[in-house]
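The file target-v6.txt comes next; it holds compact mmCIF, C-alpha atoms.
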```
# COMPACT_ATOMS: atom_id res chain seq x y z
CA MET A 148 139.71 89.57 318.04
CA THR A 149 136.66 87.42 317.47
CA GLN A 150 133.46 88.64 315.93
CA HIS A 151 130.23 87.30 317.44
CA LEU A 152 127.46 86.67 314.93
CA THR A 153 123.77 86.85 315.75
CA PRO A 154 121.45 83.98 314.84
CA PHE A 155 120.24 85.98 311.84
CA ASP A 156 123.82 86.61 310.67
CA ILE A 157 124.57 82.90 310.92
CA CYS A 158 121.48 82.01 308.88
CA ALA A 159 122.50 84.55 306.26
CA ARG A 160 125.93 82.93 305.96
CA LEU A 161 124.83 79.30 306.07
CA ILE A 162 121.48 79.48 304.25
CA GLY A 163 121.59 82.64 302.15
CA PRO A 164 120.01 86.07 301.82
CA PRO A 165 116.76 86.98 303.60
CA GLU A 166 114.68 85.68 300.68
CA ALA A 167 116.30 82.23 301.00
CA ILE A 168 115.77 82.27 304.77
CA ALA A 169 112.13 83.18 304.20
CA GLU A 170 111.70 80.31 301.74
CA ALA A 171 113.25 77.89 304.25
CA CYS A 172 110.73 79.08 306.85
CA GLY A 173 107.72 79.18 304.54
CA LEU A 174 107.31 82.93 305.04
CA SER A 175 106.96 85.93 302.75
CA ALA A 176 110.21 86.96 301.07
CA LYS A 177 110.59 90.16 303.07
CA ALA A 178 109.78 88.82 306.56
CA PRO A 179 113.39 88.11 307.64
CA TYR A 180 114.57 91.64 306.89
CA ALA A 181 112.93 92.86 310.11
CA TRP A 182 114.85 90.30 312.20
CA ARG A 183 118.01 92.37 311.81
CA PHE A 184 116.50 95.01 314.07
CA GLU A 185 115.38 94.96 317.69
CA ALA A 186 111.68 94.49 318.40
CA SER A 187 109.71 94.63 321.62
CA THR A 188 109.86 90.83 321.99
CA ARG A 189 113.44 90.07 320.82
CA GLY A 190 116.86 91.55 320.33
CA ALA A 191 118.40 92.63 317.04
CA GLY A 192 119.47 89.57 315.08
CA ASP A 193 117.40 87.15 317.15
CA LEU A 194 114.85 84.94 315.44
CA PRO A 195 111.18 85.55 316.18
CA SER A 196 109.93 82.14 317.33
CA ALA A 197 110.60 78.49 318.03
CA PRO A 198 108.61 77.36 314.95
CA VAL A 199 110.89 79.48 312.75
CA MET A 200 113.95 77.94 314.39
CA ARG A 201 112.58 74.41 313.90
CA ARG A 202 111.92 75.07 310.22
CA LEU A 203 115.43 76.44 309.75
CA LEU A 204 116.95 73.43 311.51
CA SER A 205 114.93 71.03 309.35
CA TYR A 206 115.94 72.89 306.20
CA SER A 207 119.60 72.88 307.21
CA SER A 208 119.56 69.23 308.24
CA ALA A 209 118.02 68.13 304.93
CA ARG A 210 120.78 69.98 303.04
CA ASN A 211 123.72 69.41 305.43
CA LEU A 212 124.26 73.15 305.88
CA GLY A 213 125.70 72.91 309.40
CA LEU A 214 123.20 75.05 311.32
CA THR A 215 122.72 73.98 314.97
CA GLU A 216 120.34 74.73 317.80
CA LYS A 217 123.14 76.59 319.59
CA HIS A 218 123.58 78.88 316.58
CA LEU A 219 119.89 79.78 316.60
CA ILE A 220 119.78 80.56 320.32
CA TRP A 221 123.20 81.98 321.20
CA GLY A 222 124.83 82.87 317.88
CA ALA A 223 128.50 81.98 317.34
CA ASP A 224 131.94 83.34 316.60
CA ALA A 225 132.52 84.15 312.95
CA ALA A 226 135.49 81.74 312.92
CA GLU A 227 133.20 78.81 313.80
CA ILE A 228 130.87 79.63 310.91
CA GLU A 229 133.81 80.07 308.54
CA GLU A 230 135.00 76.57 309.50
CA ILE A 231 131.59 75.17 308.57
CA LEU A 232 131.66 77.00 305.25
CA ALA A 233 135.21 75.83 304.54
CA ALA A 234 134.25 72.23 305.29
CA ARG A 235 131.28 72.55 302.92
CA ARG A 236 133.65 73.78 300.20
CA GLY A 237 135.94 70.83 300.88
CA ASP A 238 138.81 73.07 301.94
CA PRO A 239 141.75 70.69 302.63
CA ALA A 240 143.10 72.91 305.44
CA VAL A 241 139.90 72.29 307.45
CA ALA A 242 139.90 68.56 306.73
CA ALA A 243 143.43 68.30 308.22
CA GLU A 244 142.30 69.75 311.58
```

Show me this structure written as structure tokens.
Amino acid sequence: MTQHLTPFDICARLIGPPEAIAEACGLSAKAPYAWRFEASTRGAGDLPSAPVMRRLLSYSSARNLGLTEKHLIWGADAAEIEEILAARRGDPAVAAE
């Protein structure tokens, strides 16, 4: 069975803990903690705005972290994110695929 990850979950796996996500966005260290929970303008795990998404994409692109626009809008299966992480580690099993 596949596990679907929210955009916030994906950022946590590809970028790091909420403090690292905040740094990538230029926000206060605690700001991303609230993104785990539903708010009146977004669902639980969704990111709060397009500017935040653009900053995260720029940060990821500059560091080759593998984050995509699709991840930030729709989320992804955990297996897809694990493949990205394995490729970043240089896992030979992923390179053979």

Can you list, as a count of residues only, every protein, DNA or RNA residue that comes within 7 Å of region 223-229 of chain A when you count only C-alpha atoms, leaving out same-chain residues fewer than 3 positions away? 8

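Considering all atoms listed in the file, the residue among A:Leu161, A:Asp193, A:Ser187, A:Ala181 positioned nearest to Asn211 (chain A) is A:Leu161.
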
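Across the structure, CA of Arg202 (chain A) and CA of Arg235 (chain A) are spaced 20.8 Å apart.
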
Can you find the residues with an atom no farther than 12 Å from (111.9, 83.9, 313.3), counting all atoms listed in the file, and report them as a short mmCIF file (atom, residue, chain, number, x, y, z; two decimals) with C-alpha atoms, in the frame of the given file?
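For reference, point_9.cif as written:
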```cif
data_model
loop_
_atom_site.label_atom_id
_atom_site.label_comp_id
_atom_site.auth_asym_id
_atom_site.auth_seq_id
_atom_site.Cartn_x
_atom_site.Cartn_y
_atom_site.Cartn_z
CA PRO A 154 121.45 83.98 314.84
CA PHE A 155 120.24 85.98 311.84
CA CYS A 158 121.48 82.01 308.88
CA PRO A 165 116.76 86.98 303.60
CA ILE A 168 115.77 82.27 304.77
CA ALA A 169 112.13 83.18 304.20
CA ALA A 171 113.25 77.89 304.25
CA CYS A 172 110.73 79.08 306.85
CA GLY A 173 107.72 79.18 304.54
CA LEU A 174 107.31 82.93 305.04
CA SER A 175 106.96 85.93 302.75
CA ALA A 178 109.78 88.82 306.56
CA PRO A 179 113.39 88.11 307.64
CA TYR A 180 114.57 91.64 306.89
CA ALA A 181 112.93 92.86 310.11
CA TRP A 182 114.85 90.30 312.20
CA ARG A 183 118.01 92.37 311.81
CA ALA A 186 111.68 94.49 318.40
CA THR A 188 109.86 90.83 321.99
CA ARG A 189 113.44 90.07 320.82
CA GLY A 190 116.86 91.55 320.33
CA ALA A 191 118.40 92.63 317.04
CA GLY A 192 119.47 89.57 315.08
CA ASP A 193 117.40 87.15 317.15
CA LEU A 194 114.85 84.94 315.44
CA PRO A 195 111.18 85.55 316.18
CA SER A 196 109.93 82.14 317.33
CA ALA A 197 110.60 78.49 318.03
CA PRO A 198 108.61 77.36 314.95
CA VAL A 199 110.89 79.48 312.75
CA MET A 200 113.95 77.94 314.39
CA ARG A 201 112.58 74.41 313.90
CA ARG A 202 111.92 75.07 310.22
CA LEU A 203 115.43 76.44 309.75
CA LEU A 204 116.95 73.43 311.51
CA LEU A 219 119.89 79.78 316.60
CA ILE A 220 119.78 80.56 320.32
#
```

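Between Ser208 (chain A) and the candidates A:Ile162, A:Glu185, A:Gly237, A:Ile157, the tightest atom-to-atom separation, counting all atoms listed in the file, involves A:Ile162.
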
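Relative to CA of Phe184 (chain A), CA of Ser207 (chain A) is found at 23.4 Å.
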
Please, what distance in Å, to one decimal, runs between CA of Gly222 (chain A) and CA of Asp156 (chain A)? 8.2 Å
